[in-house]
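**Student:** Pasting data.pdb below, which is PDB, C-alpha atoms, pLDDT in the B column.
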ATOM      1  CA  ARG A   1       0.000   0.000   0.000  1.00 52.00           C
ATOM      2  CA  VAL A   2       1.320   3.450  -0.915  1.00 68.00           C
ATOM      3  CA  ASN A   3       1.838   5.823   2.026  1.00 78.00           C
ATOM      4  CA  GLY A   4      -0.166   8.998   1.553  1.00 83.00           C
ATOM      5  CA  VAL A   5       0.635  10.960   4.721  1.00 93.00           C
ATOM      6  CA  LEU A   6       4.402  10.940   5.500  1.00 96.00           C
ATOM      7  CA  THR A   7       5.845  14.368   4.662  1.00 97.00           C
ATOM      8  CA  THR A   8       9.241  14.287   6.454  1.00 98.00           C
ATOM      9  CA  LEU A   9      11.753  11.407   6.459  1.00 98.00           C
ATOM     10  CA  ASN A  10      15.161  11.489   8.185  1.00 98.00           C
ATOM     11  CA  LEU A  11      17.430   8.569   7.254  1.00 98.00           C
ATOM     12  CA  ARG A  12      20.711  10.288   8.092  1.00 98.00           C
ATOM     13  CA  GLY A  13      23.650   8.091   9.123  1.00 98.00           C
ATOM     14  CA  ASN A  14      22.291   4.691   8.157  1.00 98.00           C
ATOM     15  CA  GLY A  15      25.041   3.780   5.692  1.00 97.00           C
ATOM     16  CA  PHE A  16      22.792   2.072   3.136  1.00 97.00           C
ATOM     17  CA  GLY A  17      24.909   3.178   0.188  1.00 97.00           C
ATOM     18  CA  ASP A  18      24.006   3.179  -3.483  1.00 98.00           C
ATOM     19  CA  GLU A  19      21.530   0.312  -3.280  1.00 98.00           C
ATOM     20  CA  GLY A  20      19.452   2.087  -0.676  1.00 98.00           C
ATOM     21  CA  ALA A  21      19.604   5.304  -2.687  1.00 98.00           C
ATOM     22  CA  LYS A  22      18.311   3.453  -5.757  1.00 98.00           C
ATOM     23  CA  ALA A  23      15.336   2.112  -3.808  1.00 97.00           C
ATOM     24  CA  LEU A  24      14.490   5.566  -2.512  1.00 97.00           C
ATOM     25  CA  ALA A  25      14.874   7.025  -5.993  1.00 97.00           C
ATOM     26  CA  SER A  26      12.207   4.628  -7.252  1.00 96.00           C
ATOM     27  CA  ALA A  27       9.891   5.860  -4.500  1.00 95.00           C
ATOM     28  CA  LEU A  28      10.581   9.506  -5.378  1.00 95.00           C
ATOM     29  CA  ARG A  29       9.304   8.900  -8.891  1.00 95.00           C
ATOM     30  CA  VAL A  30       5.804   8.107  -7.652  1.00 94.00           C
ATOM     31  CA  ASN A  31       5.511   9.621  -4.163  1.00 95.00           C
ATOM     32  CA  GLU A  32       3.167  12.621  -3.992  1.00 94.00           C
ATOM     33  CA  VAL A  33       3.387  13.709  -0.325  1.00 97.00           C
ATOM     34  CA  LEU A  34       7.016  13.589   0.943  1.00 97.00           C
ATOM     35  CA  THR A  35       8.415  17.129   1.058  1.00 98.00           C
ATOM     36  CA  ASP A  36      11.534  16.769   3.272  1.00 98.00           C
ATOM     37  CA  LEU A  37      14.135  13.990   2.855  1.00 98.00           C
ATOM     38  CA  ASN A  38      17.434  13.737   4.754  1.00 98.00           C
ATOM     39  CA  LEU A  39      19.903  11.228   3.305  1.00 98.00           C
ATOM     40  CA  GLY A  40      23.061  12.673   4.841  1.00 98.00           C
ATOM     41  CA  ARG A  41      26.039  10.422   5.688  1.00 98.00           C
ATOM     42  CA  ASN A  42      24.814   7.284   3.964  1.00 98.00           C
ATOM     43  CA  LYS A  43      27.853   6.312   1.841  1.00 97.00           C
ATOM     44  CA  ILE A  44      26.022   7.254  -1.343  1.00 97.00           C
ATOM     45  CA  GLY A  45      28.329   7.462  -4.366  1.00 95.00           C
ATOM     46  CA  ASP A  46      27.980   8.325  -8.042  1.00 93.00           C
ATOM     47  CA  GLU A  47      25.647   5.416  -8.792  1.00 95.00           C
ATOM     48  CA  GLY A  48      23.202   6.315  -6.042  1.00 97.00           C
ATOM     49  CA  ALA A  49      23.364  10.001  -6.924  1.00 97.00           C
ATOM     50  CA  ASN A  50      22.505   9.225 -10.531  1.00 97.00           C
ATOM     51  CA  ALA A  51      19.468   7.246  -9.404  1.00 98.00           C
ATOM     52  CA  LEU A  52      18.286  10.012  -7.070  1.00 98.00           C
ATOM     53  CA  ALA A  53      18.729  12.545  -9.856  1.00 98.00           C
ATOM     54  CA  SER A  54      16.422  10.531 -12.091  1.00 97.00           C
ATOM     55  CA  GLY A  55      13.813  10.656  -9.322  1.00 97.00           C
ATOM     56  CA  LEU A  56      14.208  14.421  -8.929  1.00 97.00           C
ATOM     57  CA  ARG A  57      13.555  14.947 -12.608  1.00 97.00           C
ATOM     58  CA  VAL A  58       9.962  13.765 -12.250  1.00 97.00           C
ATOM     59  CA  ASN A  59       9.132  14.360  -8.567  1.00 97.00           C
ATOM     60  CA  VAL A  60       6.627  17.167  -8.034  1.00 96.00           C
ATOM     61  CA  VAL A  61       6.490  17.557  -4.233  1.00 97.00           C
ATOM     62  CA  LEU A  62       9.929  17.253  -2.594  1.00 98.00           C
ATOM     63  CA  THR A  63      11.117  20.697  -1.465  1.00 98.00           C
ATOM     64  CA  ASP A  64      14.008  19.813   0.903  1.00 98.00           C
ATOM     65  CA  LEU A  65      16.813  17.327   0.150  1.00 98.00           C
ATOM     66  CA  ASN A  66      19.924  16.756   2.267  1.00 98.00           C
ATOM     67  CA  LEU A  67      22.744  14.730   0.674  1.00 98.00           C
ATOM     68  CA  SER A  68      25.561  16.074   2.855  1.00 98.00           C
ATOM     69  CA  GLY A  69      28.435  13.875   3.959  1.00 98.00           C
ATOM     70  CA  ASN A  70      28.132  11.325   1.170  1.00 97.00           C
ATOM     71  CA  ASN A  71      30.869  10.423  -1.319  1.00 94.00           C
ATOM     72  CA  ILE A  72      29.200  11.717  -4.459  1.00 94.00           C
ATOM     73  CA  GLY A  73      32.462  13.386  -5.493  1.00 86.00           C
ATOM     74  CA  GLY A  74      34.120   9.961  -5.568  1.00 84.00           C
ATOM     75  CA  GLU A  75      36.986  10.777  -3.200  1.00 87.00           C
ATOM     76  CA  THR A  76      39.457   7.949  -2.664  1.00 91.00           C
ATOM     77  CA  GLY A  77      41.054   6.911   0.562  1.00 92.00           C
ATOM     78  CA  TYR A  78      44.735   7.740   1.086  1.00 96.00           C
ATOM     79  CA  ILE A  79      46.933   6.658  -1.844  1.00 96.00           C
ATOM     80  CA  LYS A  80      50.717   6.615  -2.115  1.00 97.00           C
ATOM     81  CA  ALA A  81      51.762   9.624  -4.188  1.00 97.00           C
ATOM     82  CA  SER A  82      54.298   7.395  -5.941  1.00 96.00           C
ATOM     83  CA  GLU A  83      51.407   5.459  -7.523  1.00 97.00           C
ATOM     84  CA  VAL A  84      49.980   8.601  -9.117  1.00 97.00           C
ATOM     85  CA  GLU A  85      51.173  10.040 -12.448  1.00 97.00           C
ATOM     86  CA  GLY A  86      51.275  13.783 -13.022  1.00 95.00           C
ATOM     87  CA  GLU A  87      53.526  16.823 -13.190  1.00 94.00           C
ATOM     88  CA  SER A  88      51.992  18.307 -10.040  1.00 96.00           C
ATOM     89  CA  LYS A  89      50.450  16.685  -7.007  1.00 96.00           C
ATOM     90  CA  GLU A  90      49.185  19.888  -5.434  1.00 93.00           C
ATOM     91  CA  VAL A  91      45.482  20.219  -4.561  1.00 86.00           C
ATOM     92  CA  GLY A  92      43.507  20.820  -7.766  1.00 84.00           C
ATOM     93  CA  ALA A  93      46.083  19.244 -10.090  1.00 91.00           C
ATOM     94  CA  LYS A  94      44.892  16.714 -12.669  1.00 92.00           C
ATOM     95  CA  VAL A  95      46.639  13.358 -12.445  1.00 96.00           C
ATOM     96  CA  ILE A  96      46.318   9.777 -13.668  1.00 96.00           C
ATOM     97  CA  TYR A  97      45.646   6.944 -11.243  1.00 96.00           C
ATOM     98  CA  GLN A  98      45.076   3.371 -12.424  1.00 95.00           C
ATOM     99  CA  GLY A  99      44.331   4.661 -15.920  1.00 94.00           C
ATOM    100  CA  ARG A 100      41.699   7.178 -14.752  1.00 92.00           C
ATOM    101  CA  GLU A 101      41.938  10.944 -14.900  1.00 93.00           C
ATOM    102  CA  MET A 102      41.493  12.307 -11.380  1.00 92.00           C
ATOM    103  CA  VAL A 103      42.057  15.492  -9.418  1.00 90.00           C
ATOM    104  CA  VAL A 104      44.117  15.852  -6.234  1.00 91.00           C
ATOM    105  CA  SER A 105      41.745  16.714  -3.374  1.00 87.00           C
ATOM    106  CA  LYS A 106      44.246  16.429  -0.493  1.00 88.00           C
ATOM    107  CA  GLY A 107      47.927  17.102  -1.067  1.00 92.00           C
ATOM    108  CA  VAL A 108      50.826  14.858  -0.152  1.00 96.00           C
ATOM    109  CA  ASP A 109      51.193  14.462   3.612  1.00 96.00           C
ATOM    110  CA  SER A 110      54.225  13.548   5.728  1.00 96.00           C
ATOM    111  CA  ASP A 111      53.670   9.854   4.940  1.00 96.00           C
ATOM    112  CA  GLY A 112      53.759  10.467   1.190  1.00 96.00           C
ATOM    113  CA  ASP A 113      50.003   9.887   0.815  1.00 97.00           C
ATOM    114  CA  LEU A 114      47.320  11.932  -0.931  1.00 97.00           C
ATOM    115  CA  LYS A 115      43.627  11.754  -1.839  1.00 94.00           C
ATOM    116  CA  LEU A 116      41.937  12.055  -5.228  1.00 93.00           C
ATOM    117  CA  VAL A 117      38.479  12.679  -6.657  1.00 88.00           C
ATOM    118  CA  ASP A 118      37.085  11.749 -10.056  1.00 85.00           C
ATOM    119  CA  ALA A 119      37.802  14.346 -12.731  1.00 83.00           C
ATOM    120  CA  VAL A 120      34.357  13.711 -14.220  1.00 83.00           C
ATOM    121  CA  GLN A 121      31.714  14.099 -11.518  1.00 85.00           C
ATOM    122  CA  THR A 122      28.964  11.929 -13.000  1.00 91.00           C
ATOM    123  CA  GLY A 123      26.779  11.933  -9.882  1.00 94.00           C
ATOM    124  CA  VAL A 124      26.913  15.693  -9.447  1.00 95.00           C
ATOM    125  CA  LEU A 125      26.423  16.201 -13.186  1.00 95.00           C
ATOM    126  CA  ALA A 126      23.234  14.130 -12.985  1.00 96.00           C
ATOM    127  CA  ILE A 127      21.939  16.141 -10.018  1.00 97.00           C
ATOM    128  CA  ALA A 128      22.728  19.378 -11.849  1.00 97.00           C
ATOM    129  CA  LYS A 129      20.818  18.208 -14.922  1.00 97.00           C
ATOM    130  CA  ALA A 130      17.858  17.286 -12.709  1.00 98.00           C
ATOM    131  CA  LEU A 131      17.893  20.777 -11.194  1.00 98.00           C
ATOM    132  CA  GLU A 132      17.542  22.236 -14.659  1.00 97.00           C
ATOM    133  CA  VAL A 133      14.062  20.716 -14.989  1.00 97.00           C
ATOM    134  CA  ASN A 134      12.909  20.262 -11.374  1.00 97.00           C
ATOM    135  CA  GLU A 135      10.260  22.836 -10.449  1.00 97.00           C
ATOM    136  CA  VAL A 136       9.710  22.217  -6.721  1.00 98.00           C
ATOM    137  CA  LEU A 137      12.999  21.687  -4.835  1.00 98.00           C
ATOM    138  CA  THR A 138      13.806  24.830  -2.831  1.00 98.00           C
ATOM    139  CA  ASN A 139      16.432  23.613  -0.336  1.00 98.00           C
ATOM    140  CA  LEU A 140      19.423  21.453  -1.280  1.00 98.00           C
ATOM    141  CA  ASN A 141      22.310  20.511   1.013  1.00 98.00           C
ATOM    142  CA  LEU A 142      25.352  19.200  -0.874  1.00 98.00           C
ATOM    143  CA  SER A 143      27.978  20.012   1.766  1.00 98.00           C
ATOM    144  CA  TRP A 144      30.853  17.630   2.504  1.00 97.00           C
ATOM    145  CA  ILE A 145      30.485  15.579  -0.703  1.00 95.00           C
ATOM    146  CA  GLY A 146      33.794  16.525  -2.374  1.00 90.00           C
ATOM    147  CA  ILE A 147      32.539  17.925  -5.675  1.00 92.00           C
ATOM    148  CA  GLY A 148      35.449  20.293  -6.360  1.00 90.00           C
ATOM    149  CA  ASP A 149      35.539  22.666  -9.329  1.00 91.00           C
ATOM    150  CA  GLU A 150      34.042  20.157 -11.765  1.00 90.00           C
ATOM    151  CA  GLY A 151      30.921  19.670  -9.683  1.00 93.00           C
ATOM    152  CA  ALA A 152      30.632  23.362  -8.860  1.00 96.00           C
ATOM    153  CA  THR A 153      30.761  24.254 -12.547  1.00 96.00           C
ATOM    154  CA  ALA A 154      28.014  21.743 -13.326  1.00 95.00           C
ATOM    155  CA  LEU A 155      25.808  23.162 -10.581  1.00 98.00           C
ATOM    156  CA  ALA A 156      26.495  26.672 -11.855  1.00 98.00           C
ATOM    157  CA  SER A 157      25.007  25.674 -15.211  1.00 97.00           C
ATOM    158  CA  ALA A 158      21.880  24.508 -13.398  1.00 98.00           C
ATOM    159  CA  LEU A 159      21.622  27.764 -11.452  1.00 98.00           C
ATOM    160  CA  ARG A 160      21.446  29.691 -14.712  1.00 97.00           C
ATOM    161  CA  VAL A 161      18.093  28.103 -15.577  1.00 97.00           C
ATOM    162  CA  ASN A 162      16.633  26.861 -12.282  1.00 97.00           C
ATOM    163  CA  GLY A 163      13.753  29.054 -11.140  1.00 97.00           C
ATOM    164  CA  VAL A 164      12.853  27.627  -7.729  1.00 98.00           C
ATOM    165  CA  LEU A 165      15.929  26.749  -5.634  1.00 98.00           C
ATOM    166  CA  THR A 166      16.305  29.327  -2.845  1.00 98.00           C
ATOM    167  CA  ASN A 167      18.812  27.636  -0.492  1.00 98.00           C
ATOM    168  CA  LEU A 168      21.997  25.808  -1.587  1.00 98.00           C
ATOM    169  CA  ASN A 169      24.711  24.536   0.762  1.00 98.00           C
ATOM    170  CA  LEU A 170      28.055  23.766  -0.904  1.00 98.00           C
ATOM    171  CA  GLY A 171      30.239  24.035   2.198  1.00 98.00           C
ATOM    172  CA  PHE A 172      33.377  21.885   2.639  1.00 96.00           C
ATOM    173  CA  ASN A 173      33.577  20.828  -1.010  1.00 94.00           C
ATOM    174  CA  LYS A 174      37.147  21.752  -2.016  1.00 91.00           C
ATOM    175  CA  ILE A 175      35.839  24.280  -4.498  1.00 94.00           C
ATOM    176  CA  ARG A 176      38.580  26.575  -5.788  1.00 93.00           C
ATOM    177  CA  GLU A 177      38.687  29.738  -7.908  1.00 94.00           C
ATOM    178  CA  GLU A 178      37.464  28.070 -11.109  1.00 94.00           C
ATOM    179  CA  GLY A 179      34.335  26.645  -9.510  1.00 96.00           C
ATOM    180  CA  ALA A 180      33.625  29.801  -7.533  1.00 97.00           C
ATOM    181  CA  ALA A 181      33.945  31.924 -10.672  1.00 97.00           C
ATOM    182  CA  ALA A 182      31.431  29.711 -12.497  1.00 98.00           C
ATOM    183  CA  ILE A 183      28.949  30.030  -9.635  1.00 98.00           C
ATOM    184  CA  ALA A 184      29.449  33.799  -9.455  1.00 97.00           C
ATOM    185  CA  GLU A 185      28.738  34.156 -13.165  1.00 97.00           C
ATOM    186  CA  ALA A 186      25.600  32.012 -12.856  1.00 98.00           C
ATOM    187  CA  LEU A 187      24.316  34.174 -10.002  1.00 97.00           C
ATOM    188  CA  ARG A 188      24.275  37.197 -12.309  1.00 96.00           C
ATOM    189  CA  GLY A 189      21.265  35.718 -14.090  1.00 94.00           C
ATOM    190  CA  ASN A 190      19.663  33.833 -11.195  1.00 97.00           C
ATOM    191  CA  GLY A 191      16.706  35.638  -9.647  1.00 95.00           C
ATOM    192  CA  VAL A 192      15.606  33.215  -6.928  1.00 98.00           C
ATOM    193  CA  LEU A 193      18.558  31.898  -4.875  1.00 98.00           C
ATOM    194  CA  THR A 194      18.587  33.777  -1.567  1.00 98.00           C
ATOM    195  CA  ASP A 195      20.920  31.623   0.577  1.00 98.00           C
ATOM    196  CA  LEU A 196      24.234  30.211  -0.714  1.00 98.00           C
ATOM    197  CA  ASN A 197      26.735  28.564   1.656  1.00 98.00           C
ATOM    198  CA  LEU A 198      30.320  28.241   0.391  1.00 98.00           C
ATOM    199  CA  ASN A 199      31.829  27.851   3.849  1.00 97.00           C
ATOM    200  CA  SER A 200      35.301  26.241   4.143  1.00 96.00           C
ATOM    201  CA  ASN A 201      36.195  25.858   0.488  1.00 95.00           C
ATOM    202  CA  TYR A 202      39.507  26.930  -1.108  1.00 92.00           C
ATOM    203  CA  LEU A 203      38.530  30.401  -2.330  1.00 91.00           C
ATOM    204  CA  ASN A 204      41.500  32.439  -1.100  1.00 80.00           C
TER     205      ASN A 204
END
Could you write out this structure as structure tokens?
**Tutor:**
Amino acid sequence: RVNGVLTTLNLRGNGFGDEGAKALASALRVNEVLTDLNLGRNKIGDEGANALASGLRVNVVLTDLNLSGNNIGGETGYIKASEVEGESKEVGAKVIYQGREMVVSKGVDSDGDLKLVDAVQTGVLAIAKALEVNEVLTNLNLSWIGIGDEGATALASALRVNGVLTNLNLGFNKIREEGAAAIAEALRGNGVLTDLNLNSNYLN
């Protein structure tokens, strides 16, 4: 039986990963009452984000979505810098790891280790594309998901055409000058966003 009364659902910190996100995405496609969904800190990656984005494209009621603290940016664990190919291993540099183009998200530490994120942010790209057509979501929390400049640029494209989102949290995302510049340019033509959080990125 389809639930017709639940409007707020908090599933934060349950660790159900991509499979759980896929199941919830299927529900979002047909649910007509849920307005507030918190999926923070659930180990959701690109695959789960893509599924949720497909749900957002057709959902007509959800106004608040929290995806903070997931791994949608695809950040690796610590990797030996010696295993990574590239002229620079500073934060923001593009490198090759195991045949994949990636971006350094945490520079080399005293143990000779670093962290990387995917150069192509497929999960964030999917969410951005969904925002271009979604007409109800007003609050979106994407803090602590490691999207970097690539993800920020994709979201900036969405902000140029989205006409409903009023609150966007992009804090702690390793966004640098390139991503910030893209967002700033998008804001010139955006007439609805009233609250933007870029706390603790790399904008200096």
**Student:** Show me a table, sorted first by chain and then by increasing residue number, of the residues of range 94-189 of chain A having an atom at most 8 Å from range 61-77 of chain A, each with its shortest atom pair and the distance in Å to one decimal, counting all atoms listed in the file and written as JSON lines.
**Tutor:**
{"residue": "A:Ser105", "atom": "CA", "partner": "A:Glu75", "partner_atom": "CA", "distance": 7.6}
{"residue": "A:Lys115", "atom": "CA", "partner": "A:Thr76", "partner_atom": "CA", "distance": 5.7}
{"residue": "A:Leu116", "atom": "CA", "partner": "A:Thr76", "partner_atom": "CA", "distance": 5.4}
{"residue": "A:Val117", "atom": "CA", "partner": "A:Glu75", "partner_atom": "CA", "distance": 4.2}
{"residue": "A:Asp118", "atom": "CA", "partner": "A:Gly74", "partner_atom": "CA", "distance": 5.7}
{"residue": "A:Gln121", "atom": "CA", "partner": "A:Gly73", "partner_atom": "CA", "distance": 6.1}
{"residue": "A:Gly123", "atom": "CA", "partner": "A:Ile72", "partner_atom": "CA", "distance": 5.9}
{"residue": "A:Val124", "atom": "CA", "partner": "A:Ile72", "partner_atom": "CA", "distance": 6.8}
{"residue": "A:Val136", "atom": "CA", "partner": "A:Thr63", "partner_atom": "CA", "distance": 5.6}
{"residue": "A:Leu137", "atom": "CA", "partner": "A:Thr63", "partner_atom": "CA", "distance": 4.0}
{"residue": "A:Thr138", "atom": "CA", "partner": "A:Thr63", "partner_atom": "CA", "distance": 5.1}
{"residue": "A:Asn139", "atom": "CA", "partner": "A:Asp64", "partner_atom": "CA", "distance": 4.7}
{"residue": "A:Leu140", "atom": "CA", "partner": "A:Leu65", "partner_atom": "CA", "distance": 5.1}
{"residue": "A:Asn141", "atom": "CA", "partner": "A:Asn66", "partner_atom": "CA", "distance": 4.6}
{"residue": "A:Leu142", "atom": "CA", "partner": "A:Ser68", "partner_atom": "CA", "distance": 4.9}
{"residue": "A:Ser143", "atom": "CA", "partner": "A:Ser68", "partner_atom": "CA", "distance": 4.7}
{"residue": "A:Trp144", "atom": "CA", "partner": "A:Gly69", "partner_atom": "CA", "distance": 4.7}
{"residue": "A:Ile145", "atom": "CA", "partner": "A:Asn71", "partner_atom": "CA", "distance": 5.2}
{"residue": "A:Gly146", "atom": "CA", "partner": "A:Gly73", "partner_atom": "CA", "distance": 4.6}
{"residue": "A:Ile147", "atom": "CA", "partner": "A:Gly73", "partner_atom": "CA", "distance": 4.5}
{"residue": "A:Gly148", "atom": "CA", "partner": "A:Gly73", "partner_atom": "CA", "distance": 7.6}
{"residue": "A:Gly151", "atom": "CA", "partner": "A:Gly73", "partner_atom": "CA", "distance": 7.7}
**Student:** Using all atoms listed in the file, which residue out of A:Ala21, A:Val5, A:Leu203, A:Ala181 lies closest to Leu52 in chain A?
**Tutor:**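 Closest to Leu52 in chain A of all the choices is A:Ala21.
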**Student:** Of the candidates A:Val58, A:Gly107, A:Arg160, A:Gly92, which shows the shortest atom-to-atom distance to Ile79 in chain A, using only C-alpha atoms?
**Tutor:** A:Gly107
**Student:** From the list A:Glu135, A:Arg188, A:Ile175, A:Arg12, which residue is nearest Glu150 in chain A when using all atoms listed in the file?
**Tutor:**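 The shortest atom-to-atom distance to Glu150 in chain A comes from A:Ile175.
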**Student:** Can you work out which one of A:Leu131, A:Gly112, A:Gly4, A:Ala119 has the shortest atom-to-atom distance to Gly55 in chain A, counting all atoms listed in the file?
**Tutor:**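 Counting all atoms listed in the file, the residue closest to Gly55 in chain A is A:Leu131.
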**Student:** Selected by the PyMOL selection byres ((chain A and resi 204) around 10) in the shown coordinates: which residues, as an MDAnalysis selection string?
**Tutor:** chainID A and resid 176:177 201:203
**Student:** Need the shell around Ala156 in chain A: protein/DNA/RNA residues with any atom at most 9 Å away, counting all atoms listed in the file. Skip same-chain ones fewer than 4 positions apart. Format as a VMD selection string?
**Tutor:** chain A and resid 128 151 to 152 160 179 to 180 182 to 187
**Student:** Once you count only C-alpha atoms, what closest atom pair and distance in Å to one decimal does each residue of range 71-182 of chain A within 8 Å of range 193-200 of chain A have, with rows by chain and rising residue number, as JSON lines?
**Tutor:**
{"residue": "A:Val164", "atom": "CA", "partner": "A:Leu193", "partner_atom": "CA", "distance": 7.7}
{"residue": "A:Leu165", "atom": "CA", "partner": "A:Leu193", "partner_atom": "CA", "distance": 5.8}
{"residue": "A:Thr166", "atom": "CA", "partner": "A:Leu193", "partner_atom": "CA", "distance": 4.0}
{"residue": "A:Asn167", "atom": "CA", "partner": "A:Asp195", "partner_atom": "CA", "distance": 4.6}
{"residue": "A:Leu168", "atom": "CA", "partner": "A:Leu196", "partner_atom": "CA", "distance": 5.0}
{"residue": "A:Asn169", "atom": "CA", "partner": "A:Asn197", "partner_atom": "CA", "distance": 4.6}
{"residue": "A:Leu170", "atom": "CA", "partner": "A:Leu198", "partner_atom": "CA", "distance": 5.2}
{"residue": "A:Gly171", "atom": "CA", "partner": "A:Asn199", "partner_atom": "CA", "distance": 4.5}
{"residue": "A:Phe172", "atom": "CA", "partner": "A:Ser200", "partner_atom": "CA", "distance": 5.0}
{"residue": "A:Asn173", "atom": "CA", "partner": "A:Ser200", "partner_atom": "CA", "distance": 7.7}
{"residue": "A:Lys174", "atom": "CA", "partner": "A:Ser200", "partner_atom": "CA", "distance": 7.8}
**Student:** Looking at A:Asn14, A:Leu56, A:Ser26, A:Val84, which one is nearest to Asn38 in chain A, with distances taken over only C-alpha atoms?
**Tutor:** A:Asn14
**Student:** Adding 6 Å on each side of the box along x, y and z that holds all listed atoms of range 134-139 of chain A, could you give its centre and edge lengths in Å to one decimal, as AutoDock Vina command-line options?
**Tutor:**
--center_x 13.1 --center_y 22.5 --center_z -5.9 --size_x 18.7 --size_y 16.6 --size_z 23.0
**Student:** Hey, what comes out of the PyMOL selection byres ((chain A and resi 102) around 9) on this file? Could you write it as a compact mmCIF listing (two decimals) with C-alpha atoms, in the frame of the given file?
**Tutor:**
# COMPACT_ATOMS: atom_id res chain seq x y z
CA ALA A 93 46.08 19.24 -10.09
CA LYS A 94 44.89 16.71 -12.67
CA VAL A 95 46.64 13.36 -12.44
CA ILE A 96 46.32 9.78 -13.67
CA TYR A 97 45.65 6.94 -11.24
CA ARG A 100 41.70 7.18 -14.75
CA GLU A 101 41.94 10.94 -14.90
CA VAL A 103 42.06 15.49 -9.42
CA VAL A 104 44.12 15.85 -6.23
CA LEU A 116 41.94 12.06 -5.23
CA VAL A 117 38.48 12.68 -6.66
CA ASP A 118 37.08 11.75 -10.06
CA ALA A 119 37.80 14.35 -12.73
CA VAL A 120 34.36 13.71 -14.22
**Student:** What is the distance between CA of Leu37 in chain A and CA of Asn59 in chain A, in Å to one decimal?
**Tutor:**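 One can read the CA of Leu37 in chain A to CA of Asn59 in chain A distance as 12.5 Å.
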**Student:** Could you tell me which of A:Thr153, A:Asn3, A:Asp113, A:Val133 comes closest to Asn31 in chain A if we count only C-alpha atoms?
**Tutor:**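 Once distances to Asn31 in chain A are computed over only C-alpha atoms, the minimum belongs to A:Asn3.
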**Student:** With the file shown as input, list the residues that the PyMOL selection byres ((chain A and resi 7) around 6) selects, as a PyMOL selection string.
**Tutor:** chain A and resi 6+8+33-35
**Student:** Mind giving me the straight-line distance from CA of Asn134 in chain A to CA of Val161 in chain A in Å, one decimal?
**Tutor:**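 Taking CA of Asn134 in chain A and CA of Val161 in chain A, their separation equals 10.3 Å.
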**Student:** Rounded to one decimal place, report the CA of Val192 in chain A-CA of Val30 in chain A distance in Å.
**Tutor:**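 Taking CA of Val192 in chain A as the start and CA of Val30 in chain A as the end point, the length is 27.0 Å.
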